[in-house]
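Structure data follow from query-v5.csv (CSV, C-alpha atoms):
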```csv
chain,number,residue,atom,x,y,z
A,1,MET,CA,0.0,0.0,0.0
A,2,GLU,CA,2.5,2.6,-1.1
A,3,ASN,CA,0.4,4.8,-3.3
A,4,PHE,CA,-1.5,6.6,-0.7
A,5,GLU,CA,-0.5,10.0,0.8
A,6,LEU,CA,-1.2,11.3,4.2
A,7,LEU,CA,-2.2,15.0,4.4
A,8,PRO,CA,-2.4,16.4,8.0
A,9,VAL,CA,-4.7,19.4,8.2
A,10,LYS,CA,-3.9,22.2,10.7
A,11,THR,CA,-6.8,23.7,12.5
A,12,ARG,CA,-7.4,26.2,15.3
A,13,ILE,CA,-8.2,24.7,18.7
A,14,LEU,CA,-11.5,23.0,18.6
A,15,THR,CA,-13.8,23.3,21.6
A,16,HIS,CA,-17.0,22.0,23.1
A,17,ARG,CA,-18.7,25.0,21.4
A,18,ASP,CA,-17.8,23.7,17.9
A,19,ASP,CA,-19.9,21.7,15.5
A,20,ILE,CA,-17.3,19.1,14.4
A,21,ILE,CA,-18.9,18.5,11.0
A,22,LYS,CA,-19.1,22.1,10.1
A,23,VAL,CA,-15.5,22.8,11.2
A,24,ILE,CA,-14.1,19.8,9.3
A,25,GLU,CA,-16.1,20.9,6.2
A,26,SER,CA,-14.5,24.4,6.4
A,27,TYR,CA,-11.0,23.1,6.7
A,28,VAL,CA,-11.0,20.4,4.0
A,29,ASN,CA,-13.2,22.1,1.5
A,30,GLY,CA,-11.7,21.4,-2.0
A,31,LYS,CA,-9.1,19.0,-0.6
A,32,LEU,CA,-11.1,15.8,-1.0
A,33,THR,CA,-11.9,13.4,-3.9
A,34,ASP,CA,-14.0,10.3,-4.0
A,35,GLN,CA,-10.8,8.3,-3.6
A,36,ASP,CA,-9.9,9.8,-0.2
A,37,VAL,CA,-10.7,8.9,3.4
A,38,ILE,CA,-10.8,11.6,6.0
A,39,CYS,CA,-9.6,10.7,9.6
A,40,VAL,CA,-10.4,12.7,12.7
A,41,ALA,CA,-8.7,12.3,16.1
A,42,GLU,CA,-11.1,10.8,18.6
A,43,SER,CA,-10.2,13.1,21.5
A,44,VAL,CA,-11.1,16.2,19.4
A,45,VAL,CA,-14.4,14.6,18.4
A,46,ALA,CA,-15.1,13.9,22.1
A,47,ILE,CA,-14.3,17.5,23.1
A,48,THR,CA,-16.7,18.9,20.5
A,49,GLN,CA,-19.3,16.5,21.9
A,50,ASN,CA,-18.7,18.0,25.3
A,51,ARG,CA,-17.6,14.6,26.6
A,52,ILE,CA,-15.2,16.2,29.1
A,53,VAL,CA,-15.2,16.5,32.9
A,54,ARG,CA,-12.8,18.2,35.3
A,55,PRO,CA,-11.4,15.8,38.0
A,56,GLN,CA,-12.7,18.2,40.7
A,57,GLN,CA,-16.2,17.3,39.5
A,58,ILE,CA,-15.7,13.7,40.3
A,59,LYS,CA,-15.9,12.0,43.7
A,60,PRO,CA,-13.8,8.8,43.5
A,61,GLY,CA,-15.3,6.0,45.4
A,62,PHE,CA,-13.7,3.2,47.3
A,63,LEU,CA,-13.4,0.9,44.3
A,64,ALA,CA,-11.8,3.5,42.1
A,65,ARG,CA,-9.4,4.5,44.8
A,66,THR,CA,-8.3,0.9,45.3
A,67,MET,CA,-8.4,-0.4,41.7
A,68,CYS,CA,-6.3,2.5,40.3
A,69,TYR,CA,-3.3,1.0,42.1
A,70,PHE,CA,-3.5,-2.1,39.9
A,71,VAL,CA,-3.1,-0.1,36.6
A,72,PRO,CA,0.4,0.8,35.3
A,73,GLN,CA,1.4,4.4,36.0
A,74,LYS,CA,1.3,5.6,32.4
A,75,GLY,CA,-2.3,4.6,31.9
A,76,SER,CA,-5.3,7.0,32.1
A,77,LEU,CA,-6.9,4.7,34.7
A,78,SER,CA,-4.0,5.0,37.1
A,79,SER,CA,-5.5,8.0,38.9
A,80,CYS,CA,-8.6,7.5,40.9
A,81,TYR,CA,-10.3,10.2,38.9
A,82,GLY,CA,-9.6,8.6,35.5
A,83,MET,CA,-10.8,5.3,37.0
A,84,GLN,CA,-13.9,6.7,38.5
A,85,ALA,CA,-14.8,8.6,35.3
A,86,ALA,CA,-14.5,5.5,33.2
A,87,MET,CA,-16.5,3.5,35.8
A,88,ASN,CA,-19.3,6.2,35.7
A,89,MET,CA,-19.6,5.4,32.0
A,90,GLU,CA,-19.3,1.6,32.1
A,91,GLY,CA,-20.4,0.6,35.5
A,92,GLU,CA,-18.5,0.1,38.7
A,93,TRP,CA,-19.1,-3.6,39.1
A,94,ARG,CA,-18.4,-4.2,35.4
A,95,PHE,CA,-15.0,-2.7,36.0
A,96,PHE,CA,-14.5,-4.6,39.2
A,97,PHE,CA,-15.2,-8.0,37.6
A,98,ALA,CA,-13.3,-7.1,34.5
A,99,MET,CA,-10.3,-6.4,36.6
A,100,LEU,CA,-10.6,-9.6,38.6
A,101,CYS,CA,-10.9,-11.6,35.3
A,102,GLY,CA,-8.0,-9.6,33.9
A,103,MET,CA,-5.8,-10.4,36.8
A,104,VAL,CA,-6.6,-14.1,36.6
A,105,ALA,CA,-6.1,-14.1,32.9
A,106,LYS,CA,-2.7,-12.4,33.3
A,107,LEU,CA,-1.6,-15.0,35.7
A,108,LEU,CA,-2.5,-17.6,33.0
A,109,GLY,CA,-0.4,-15.6,30.5
A,110,LYS,CA,-3.2,-13.8,28.6
A,111,SER,CA,-3.1,-10.0,28.4
A,112,GLY,CA,-5.8,-7.5,27.5
A,113,VAL,CA,-8.7,-9.3,29.1
A,114,PHE,CA,-9.5,-6.3,31.4
A,115,TYR,CA,-9.9,-4.0,28.4
A,116,ASP,CA,-12.0,-6.5,26.5
A,117,LEU,CA,-14.4,-6.9,29.3
A,118,ALA,CA,-14.5,-3.4,30.9
A,119,GLY,CA,-16.0,-1.6,27.9
A,120,PRO,CA,-14.7,0.9,25.4
A,121,GLN,CA,-14.2,3.8,27.8
A,122,ALA,CA,-11.4,1.8,29.6
A,123,ALA,CA,-9.2,2.2,26.5
A,124,LEU,CA,-10.5,5.5,25.1
A,125,ILE,CA,-10.6,7.8,28.1
A,126,ASP,CA,-7.8,10.4,28.4
A,127,ASP,CA,-6.8,11.5,31.9
A,128,VAL,CA,-5.5,15.0,32.8
A,129,THR,CA,-2.6,16.0,30.6
A,130,GLY,CA,-4.0,13.8,27.8
A,131,THR,CA,-5.0,16.7,25.6
A,132,MET,CA,-3.7,20.2,24.8
A,133,PRO,CA,-4.7,23.4,26.7
A,134,PRO,CA,-7.3,24.4,27.6
A,135,TYR,CA,-8.4,20.8,28.0
A,136,ASP,CA,-5.2,19.6,29.6
A,137,LYS,CA,-6.9,19.9,33.0
A,138,HIS,CA,-9.9,17.8,32.0
A,139,ILE,CA,-10.6,14.1,31.6
A,140,VAL,CA,-11.8,13.4,28.1
A,141,TYR,CA,-14.0,10.5,27.4
A,142,GLY,CA,-14.1,8.5,24.2
A,143,PRO,CA,-16.5,9.9,21.6
A,144,SER,CA,-20.1,8.7,21.2
A,145,ASN,CA,-21.7,7.6,18.0
A,146,ALA,CA,-18.4,7.5,16.1
A,147,ASN,CA,-19.8,5.3,13.3
A,148,GLN,CA,-22.7,7.7,12.8
A,149,LEU,CA,-20.4,10.7,12.7
A,150,ALA,CA,-18.2,9.0,10.1
A,151,GLU,CA,-21.2,8.3,7.9
A,152,GLU,CA,-22.3,11.9,8.2
A,153,LEU,CA,-18.9,13.1,7.3
A,154,LYS,CA,-18.7,10.8,4.2
A,155,LYS,CA,-22.1,12.0,3.1
A,156,ARG,CA,-21.4,15.7,3.6
A,157,LEU,CA,-17.9,15.8,2.2
A,158,GLY,CA,-18.3,13.5,-0.8
A,159,CYS,CA,-15.2,11.5,0.0
A,160,PHE,CA,-14.8,7.7,-0.2
A,161,GLY,CA,-15.1,7.3,3.6
A,162,ALA,CA,-14.4,8.7,7.0
A,163,VAL,CA,-13.0,7.3,10.3
A,164,VAL,CA,-12.6,8.5,13.9
A,165,ALA,CA,-9.2,7.3,15.0
A,166,ASP,CA,-7.2,6.9,18.3
A,167,VAL,CA,-3.6,7.1,17.3
A,168,ASN,CA,-0.5,7.8,19.4
A,169,ASP,CA,3.3,7.9,19.1
A,170,LEU,CA,3.6,4.5,20.8
A,171,LYS,CA,2.4,2.8,17.6
A,172,ARG,CA,-1.2,2.4,18.8
A,173,SER,CA,-3.6,2.9,16.0
A,174,LEU,CA,-7.3,2.1,16.7
A,175,ILE,CA,-10.3,2.9,14.5
A,176,VAL,CA,-13.1,3.9,16.9
A,177,GLY,CA,-15.7,4.5,14.2
A,178,ALA,CA,-15.8,4.2,10.4
A,179,SER,CA,-18.2,4.7,7.6
A,180,THR,CA,-19.3,1.8,5.4
A,181,GLY,CA,-16.9,0.5,2.9
A,182,VAL,CA,-13.7,1.5,4.8
A,183,ASP,CA,-11.4,-1.3,5.8
A,184,LYS,CA,-10.6,-0.4,9.5
A,185,ASP,CA,-7.5,-2.6,9.6
A,186,LYS,CA,-6.0,-1.0,6.5
A,187,VAL,CA,-6.7,2.6,7.7
A,188,ALA,CA,-5.2,1.7,11.1
A,189,TYR,CA,-2.1,0.5,9.4
A,190,MET,CA,-1.9,3.7,7.3
A,191,LEU,CA,-2.1,5.8,10.4
A,192,LEU,CA,0.4,3.8,12.4
A,193,HIS,CA,3.1,6.4,12.4
A,194,ASN,CA,0.7,9.0,13.9
A,195,PRO,CA,0.3,11.6,11.2
A,196,PHE,CA,-1.8,13.6,13.7
A,197,GLY,CA,1.4,14.5,15.5
A,198,ASN,CA,1.3,15.6,19.0
A,199,ALA,CA,-1.4,17.9,20.4
A,200,SER,CA,0.6,21.1,20.0
A,201,GLN,CA,0.9,20.5,16.2
A,202,LYS,CA,-2.9,21.1,16.0
A,203,THR,CA,-3.5,18.7,13.2
A,204,PRO,CA,-6.5,16.7,14.4
A,205,ILE,CA,-7.6,15.9,10.8
A,206,VAL,CA,-5.7,13.7,8.4
A,207,VAL,CA,-6.7,13.1,4.8
A,208,ILE,CA,-5.6,9.8,3.3
A,209,LYS,CA,-5.3,10.7,-0.3
A,210,ASN,CA,-5.9,8.0,-2.9
A,211,TYR,CA,-7.0,5.5,-0.3
A,212,LEU,CA,-9.1,3.6,-2.7
A,213,GLY,CA,-6.4,3.3,-5.4
A,214,ALA,CA,-3.9,2.0,-2.8
A,215,VAL,CA,-6.3,-0.6,-1.5
A,216,GLU,CA,-7.4,-1.7,-4.9
A,217,LYS,CA,-3.8,-2.0,-6.1
A,218,GLN,CA,-3.0,-4.2,-3.1
A,219,VAL,CA,-6.0,-6.4,-3.7
A,220,GLY,CA,-5.1,-6.6,-7.4
B,1,MET,CA,-19.7,-23.2,59.9
B,2,ILE,CA,-16.1,-24.2,58.9
B,3,VAL,CA,-16.8,-23.0,55.3
B,4,LEU,CA,-17.9,-19.6,56.7
B,5,LYS,CA,-14.8,-19.4,58.9
B,6,VAL,CA,-12.5,-20.2,55.9
B,7,LEU,CA,-14.3,-17.6,53.8
B,8,LEU,CA,-14.0,-15.0,56.5
B,9,ILE,CA,-10.3,-15.7,56.9
B,10,LEU,CA,-9.8,-15.5,53.1
B,11,VAL,CA,-11.6,-12.1,53.0
B,12,VAL,CA,-9.4,-10.8,55.8
B,13,LEU,CA,-6.3,-12.1,54.1
B,14,VAL,CA,-7.2,-10.6,50.7
B,15,THR,CA,-8.1,-7.2,52.3
B,16,LEU,CA,-4.9,-7.2,54.2
B,17,SER,CA,-2.9,-8.0,51.1
B,18,VAL,CA,-4.5,-5.3,49.1
B,19,TRP,CA,-4.0,-2.8,51.9
B,20,LEU,CA,-0.3,-3.7,52.2
B,21,TYR,CA,0.1,-3.6,48.4
B,22,ILE,CA,-1.4,-0.1,48.3
B,23,LYS,CA,0.8,1.1,51.2
B,24,ALA,CA,3.9,-0.3,49.5
B,25,LYS,CA,3.1,1.4,46.2
B,26,GLY,CA,2.8,4.9,47.9
B,27,ASP,CA,2.0,8.0,46.0
B,28,CYS,CA,3.7,11.1,44.5
B,29,ARG,CA,4.9,13.8,46.8
B,30,PHE,CA,5.8,17.1,45.4
B,31,GLU,CA,7.9,19.9,46.9
B,32,PHE,CA,9.0,23.2,45.6
B,33,LEU,CA,12.5,23.7,47.0
B,34,VAL,CA,12.0,27.4,48.0
B,35,GLU,CA,15.2,27.3,50.1
B,36,GLU,CA,17.2,26.5,46.9
B,37,ARG,CA,15.7,29.3,44.8
B,38,THR,CA,18.0,31.7,42.9
B,39,ALA,CA,18.0,35.4,43.8
B,40,PHE,CA,15.4,37.6,42.3
B,41,VAL,CA,17.2,39.7,39.7
B,42,PRO,CA,15.8,42.4,37.5
B,43,VAL,CA,15.4,41.2,33.9
B,44,GLU,CA,13.5,44.2,32.5
B,45,ILE,CA,13.6,47.8,33.7
B,46,LYS,CA,11.5,50.7,32.3
B,47,ASP,CA,10.8,54.1,33.8
B,48,ASN,CA,7.5,52.9,35.4
B,49,TYR,CA,8.0,49.2,36.0
B,50,VAL,CA,10.6,46.5,36.6
B,51,VAL,CA,10.4,42.7,36.2
B,52,PHE,CA,12.2,40.5,38.6
B,53,SER,CA,12.9,36.8,37.8
B,54,CYS,CA,13.9,33.8,40.0
B,55,ARG,CA,14.0,30.1,39.5
B,56,VAL,CA,12.7,27.5,42.0
B,57,PRO,CA,13.4,23.8,41.6
B,58,PHE,CA,10.7,21.3,42.3
B,59,VAL,CA,10.8,17.6,42.8
B,60,ASN,CA,8.6,14.6,43.1
B,61,ARG,CA,10.0,12.8,46.1
B,62,GLY,CA,7.3,10.1,46.1
B,63,THR,CA,7.2,6.6,44.8
B,64,GLN,CA,4.7,7.1,42.1
B,65,ASP,CA,4.5,9.4,39.0
B,66,GLY,CA,2.4,12.5,39.8
B,67,THR,CA,0.8,15.3,37.8
B,68,LEU,CA,1.1,19.0,38.6
B,69,ILE,CA,-2.4,19.9,37.3
B,70,ASP,CA,-2.0,23.6,38.0
B,71,VAL,CA,0.6,25.9,39.6
B,72,HIS,CA,0.3,29.6,40.3
B,73,LEU,CA,1.9,32.3,42.3
B,74,ARG,CA,0.0,34.2,45.0
B,75,THR,CA,1.8,37.4,46.0
B,76,LEU,CA,1.0,39.1,49.3
B,77,LEU,CA,1.5,42.8,49.3
B,78,PRO,CA,-1.5,44.4,51.1
B,79,LYS,CA,-1.8,48.2,50.7
B,80,GLU,CA,-1.6,48.7,54.4
B,81,TYR,CA,1.9,47.2,54.2
B,82,TYR,CA,3.2,49.0,51.0
B,83,ASP,CA,1.2,50.8,48.4
B,84,LYS,CA,3.7,52.3,46.1
B,85,VAL,CA,3.9,49.5,43.7
B,86,ASP,CA,1.3,47.3,41.9
B,87,VAL,CA,2.3,43.6,41.8
B,88,ASP,CA,1.7,41.1,39.0
B,89,GLY,CA,3.3,37.7,39.8
B,90,ARG,CA,3.4,35.0,37.2
B,91,MET,CA,5.1,31.7,36.9
B,92,HIS,CA,5.8,29.0,34.3
B,93,ASP,CA,7.6,25.7,33.9
B,94,ALA,CA,11.1,26.3,32.6
B,95,ASN,CA,10.5,23.6,30.0
B,96,ASP,CA,7.4,25.4,28.8
B,97,PRO,CA,8.2,29.1,28.6
B,98,ARG,CA,5.1,31.2,28.3
B,99,GLY,CA,3.8,34.6,29.5
B,100,ASP,CA,0.1,33.9,29.6
B,101,HIS,CA,-0.1,33.0,33.3
B,102,TYR,CA,-1.0,29.4,32.3
B,103,TRP,CA,0.5,26.2,33.7
B,104,GLU,CA,0.0,23.3,31.4
B,105,SER,CA,-0.6,20.1,33.3
B,106,VAL,CA,2.5,18.0,33.4
B,107,ILE,CA,3.4,14.5,34.6
B,108,ILE,CA,6.5,14.4,36.7
B,109,PRO,CA,7.9,10.9,37.1
B,110,TYR,CA,8.9,10.0,40.7
B,111,ASN,CA,12.5,10.9,41.7
B,112,THR,CA,12.6,13.6,39.1
B,113,GLY,CA,11.7,17.2,39.0
B,114,GLY,CA,12.0,20.4,37.1
B,115,THR,CA,12.3,24.2,37.5
B,116,ALA,CA,9.7,26.9,37.8
B,117,VAL,CA,10.4,30.4,36.7
B,118,LEU,CA,8.8,33.2,38.7
B,119,ASN,CA,8.4,36.6,37.1
B,120,ILE,CA,7.3,39.5,39.3
B,121,LYS,CA,6.3,42.7,37.7
B,122,LEU,CA,6.3,45.8,40.0
B,123,THR,CA,4.6,48.8,38.5
B,124,ALA,CA,5.2,52.2,40.2
B,125,THR,CA,2.0,54.0,41.3
B,126,SER,CA,3.8,57.3,40.9
B,127,GLY,CA,5.2,56.5,37.5
B,128,ASP,CA,8.8,56.4,38.8
B,129,ILE,CA,9.8,52.8,39.7
B,130,ARG,CA,13.2,53.7,41.1
B,131,ALA,CA,11.7,56.2,43.5
B,132,ASP,CA,8.9,53.8,44.5
B,133,LEU,CA,11.2,51.0,45.2
B,134,ALA,CA,13.4,53.0,47.5
B,135,GLU,CA,11.5,51.9,50.6
B,136,MET,CA,10.2,48.6,49.3
B,137,VAL,CA,9.5,45.9,51.9
B,138,ASP,CA,9.9,42.2,52.0
B,139,MET,CA,7.2,40.6,49.9
B,140,PRO,CA,5.9,37.2,50.9
B,141,MET,CA,4.3,34.9,48.3
B,142,TYR,CA,3.0,31.4,48.0
B,143,ILE,CA,3.6,28.9,45.2
B,144,VAL,CA,0.2,27.2,45.1
B,145,TYR,CA,0.0,23.9,43.3
B,146,GLU,CA,-2.6,21.2,42.7
B,147,ALA,CA,-1.2,17.8,42.5
B,148,VAL,CA,-2.5,14.3,41.8
B,149,GLY,CA,-1.1,10.8,41.7
B,150,ARG,CA,-2.9,7.7,42.7
B,151,ARG,CA,-4.7,9.4,45.6
B,152,PRO,CA,-7.2,12.3,45.4
B,153,ILE,CA,-6.1,15.8,44.4
B,154,VAL,CA,-4.2,17.8,47.0
B,155,VAL,CA,-3.5,21.6,47.0
B,156,TYR,CA,-0.3,22.6,48.6
B,157,LYS,CA,1.2,26.1,49.3
B,158,ASP,CA,4.9,26.7,49.6
B,159,TYR,CA,6.1,30.0,51.1
B,160,LEU,CA,8.9,32.2,50.0
B,161,VAL,CA,9.9,35.9,50.4
B,162,MET,CA,11.3,38.3,47.9
B,163,THR,CA,13.5,40.4,50.1
B,164,GLN,CA,13.7,44.2,50.2
B,165,GLU,CA,17.5,43.9,49.5
B,166,GLU,CA,16.7,42.1,46.2
B,167,THR,CA,14.2,44.8,45.1
B,168,ARG,CA,15.9,47.9,46.4
B,169,VAL,CA,18.9,47.3,44.1
B,170,VAL,CA,16.8,48.9,41.4
B,171,ALA,CA,16.3,52.1,43.4
B,172,GLN,CA,20.0,52.2,44.2
B,173,GLY,CA,21.1,51.5,40.6
```
Could I get this structure in the form of structure tokens?
Amino acid sequence: MENFELLPVKTRILTHRDDIIKVIESYVNGKLTDQDVICVAESVVAITQNRIVRPQQIKPGFLARTMCYFVPQKGSLSSCYGMQAAMNMEGEWRFFFAMLCGMVAKLLGKSGVFYDLAGPQAALIDDVTGTMPPYDKHIVYGPSNANQLAEELKKRLGCFGAVVADVNDLKRSLIVGASTGVDKDKVAYMLLHNPFGNASQKTPIVVIKNYLGAVEKQVG
Amino acid sequence: MIVLKVLLILVVLVTLSVWLYIKAKGDCRFEFLVEERTAFVPVEIKDNYVVFSCRVPFVNRGTQDGTLIDVHLRTLLPKEYYDKVDVDGRMHDANDPRGDHYWESVIIPYNTGGTAVLNIKLTATSGDIRADLAEMVDMPMYIVYEAVGRRPIVVYKDYLVMTQEETRVVAQG
């Protein structure tokens, strides 16, 4: 898949007051063809959906205060606030049993069971420092209705497809939502080197130019 | 009855183990080393104002990574004490130089630290900063910081003083 090109699009800081579709439309107008896929960073989608909370608004319970100690330090669930915020979305007891199962599975040599069982927020939530100012002091949840948003983007922009992606510099590339016809695995692979850059680069939109041609060539 | 006893013992053992595990893990523990601060030195002098700057190291002495969510400077110069200058105190992370009075949340791994830069702008009420600093007094201030690690957020205040000897040099120069 060498024939595609990644085009990061610089924007102003997007906030919870923005309509994500209108904003994207204004930035990529004239840059898209029916061969292209537009990718949007999931944290920016979540912020525009107002899926943010300040840690001071959360009261961590006993379970969150205990369970956060069993998560590696770098994770968003390692603070009792990140843990409680995710629990509020997915359910405290779901998290508790997911963690118990995860521990047992780890003892048996299987990783990732906690994240499989705890629900999508366990992996998508960003704790404080996870996004750029002024949202660096907020916990940002994963976006809602990501597939629906991708469909809407595809329809409005006339491109081949759209995805909402969670990508970082640690070679994590996860497609959170996609429009019909887009191969999530292939898009994840194309975004593996994090063309979104870091938050301060302000490029929450990436256009995969000639996506369709690249995929068809590979199939052929 | 024996089953119940065994269950009870198991619950106690698990609870104890979790408690010991959490105790052993510990948490972050931040400290601004105000005793190790550099002197306040004038970095910008105009007719009506002067900006003093000083660097204060900080460290996470705990056993867990911690986040400095917010840090700001609270200067204390009540008008009853000295009313010839107006004070604007700002600070930033030396790794993130900025003048907008904003501290971007930052994770500080345990056993590491950084440096904060304090900038104090003193504006003369009379319009002549050299004259208005001639009798300047010691000015106390707090570095106020909001930190979080594993445990709930804690707000700390560390105290330091910008001495009259440091500020009066401008009047004398």
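Shell of range 138-155 of chain A at 6 Å, with all atoms listed in the file counted and residues fewer than 6 places along the chain excluded, is Ala46, Arg51, Ile52, Val53, Arg54, Gln121, Leu124, Ile125, Asp126, Asp127, Val128, Gly161, Ala162, Val163, Gly177, Ala178 and Ser179 of chain A.
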Could you list the residues in chain A lying within 12 Å of chain B, using all atoms listed in the file, and format the result as a ChimeraX atom specification?
-> /A:54-84,127-139,200
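Between Lys157 in chain B and the residues B:Thr75, B:Thr63, B:Ser17, B:Asn48, the shortest atom-to-atom distance, using all atoms listed in the file, involves B:Thr75.
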Would you mind reading off the distance between CA of Val167 in chain A and CA of Val9 in chain A, one decimal, in Å?
->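 The value is 15.3 Å.
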What lies within 7 Å of range 88-102 of chain A using only C-alpha atoms, ignoring chain neighbours under 4 positions off, as a PyMOL selection string?
-> chain A and resi 84+106+113-114+117-119
Can I get a file of range 56-63 of chain A from the given structure, all heavy atoms kept, as an mmCIF file, in the first residue's frame?
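Once written, out-v4.cif looks like this:
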```
data_model
loop_
_atom_site.group_PDB
_atom_site.id
_atom_site.type_symbol
_atom_site.label_atom_id
_atom_site.label_comp_id
_atom_site.auth_asym_id
_atom_site.auth_seq_id
_atom_site.Cartn_x
_atom_site.Cartn_y
_atom_site.Cartn_z
ATOM 1 N N GLN A 56 -12.069 17.617 39.441
ATOM 2 C CA GLN A 56 -12.674 18.168 40.668
ATOM 3 C C GLN A 56 -14.179 17.938 40.709
ATOM 4 O O GLN A 56 -14.802 18.067 41.765
ATOM 5 C CB GLN A 56 -12.382 19.669 40.776
ATOM 6 C CG GLN A 56 -10.912 20.015 40.955
ATOM 7 C CD GLN A 56 -10.154 20.101 39.639
ATOM 8 O OE1 GLN A 56 -10.663 19.728 38.578
ATOM 9 N NE2 GLN A 56 -8.925 20.576 39.685
ATOM 10 N N GLN A 57 -14.783 17.597 39.571
ATOM 11 C CA GLN A 57 -16.223 17.346 39.531
ATOM 12 C C GLN A 57 -16.549 15.888 39.872
ATOM 13 O O GLN A 57 -17.716 15.521 39.946
ATOM 14 C CB GLN A 57 -16.773 17.644 38.128
ATOM 15 C CG GLN A 57 -16.728 19.108 37.736
ATOM 16 C CD GLN A 57 -17.110 19.296 36.282
ATOM 17 O OE1 GLN A 57 -16.327 19.066 35.370
ATOM 18 N NE2 GLN A 57 -18.347 19.696 36.058
ATOM 19 N N ILE A 58 -15.489 15.089 40.033
ATOM 20 C CA ILE A 58 -15.687 13.653 40.263
ATOM 21 C C ILE A 58 -15.358 13.313 41.700
ATOM 22 O O ILE A 58 -14.371 13.815 42.250
ATOM 23 C CB ILE A 58 -14.762 12.846 39.312
ATOM 24 C CG1 ILE A 58 -15.226 13.040 37.874
ATOM 25 C CG2 ILE A 58 -14.746 11.373 39.673
ATOM 26 C CD1 ILE A 58 -14.293 12.427 36.874
ATOM 27 N N LYS A 59 -16.168 12.461 42.299
ATOM 28 C CA LYS A 59 -15.877 12.004 43.659
ATOM 29 C C LYS A 59 -15.481 10.533 43.576
ATOM 30 O O LYS A 59 -16.347 9.659 43.415
ATOM 31 C CB LYS A 59 -17.120 12.185 44.533
ATOM 32 C CG LYS A 59 -16.830 12.115 46.003
ATOM 33 C CD LYS A 59 -18.022 12.598 46.816
ATOM 34 C CE LYS A 59 -17.895 12.279 48.279
ATOM 35 N NZ LYS A 59 -16.660 12.701 48.888
ATOM 36 N N PRO A 60 -14.187 10.240 43.647
ATOM 37 C CA PRO A 60 -13.766 8.847 43.498
ATOM 38 C C PRO A 60 -14.236 7.998 44.676
ATOM 39 O O PRO A 60 -14.071 8.381 45.834
ATOM 40 C CB PRO A 60 -12.228 8.924 43.480
ATOM 41 C CG PRO A 60 -11.886 10.360 43.370
ATOM 42 C CD PRO A 60 -13.044 11.141 43.883
ATOM 43 N N GLY A 61 -14.822 6.876 44.360
ATOM 44 C CA GLY A 61 -15.315 5.965 45.390
ATOM 45 C C GLY A 61 -14.246 4.981 45.828
ATOM 46 O O GLY A 61 -13.111 5.001 45.313
ATOM 47 N N PHE A 62 -14.628 4.115 46.742
ATOM 48 C CA PHE A 62 -13.678 3.152 47.302
ATOM 49 C C PHE A 62 -13.074 2.261 46.207
ATOM 50 O O PHE A 62 -11.858 2.036 46.179
ATOM 51 C CB PHE A 62 -14.387 2.303 48.369
ATOM 52 C CG PHE A 62 -13.545 1.184 48.895
ATOM 53 C CD1 PHE A 62 -12.507 1.431 49.783
ATOM 54 C CD2 PHE A 62 -13.766 -0.123 48.472
ATOM 55 C CE1 PHE A 62 -11.716 0.396 50.254
ATOM 56 C CE2 PHE A 62 -12.975 -1.160 48.943
ATOM 57 C CZ PHE A 62 -11.950 -0.900 49.832
ATOM 58 N N LEU A 63 -13.933 1.770 45.313
ATOM 59 C CA LEU A 63 -13.435 0.865 44.266
ATOM 60 C C LEU A 63 -12.412 1.563 43.369
ATOM 61 O O LEU A 63 -11.351 1.014 43.080
ATOM 62 C CB LEU A 63 -14.602 0.365 43.406
ATOM 63 C CG LEU A 63 -15.392 -0.832 43.946
ATOM 64 C CD1 LEU A 63 -16.497 -1.207 42.959
ATOM 65 C CD2 LEU A 63 -14.495 -2.036 44.195
#
```
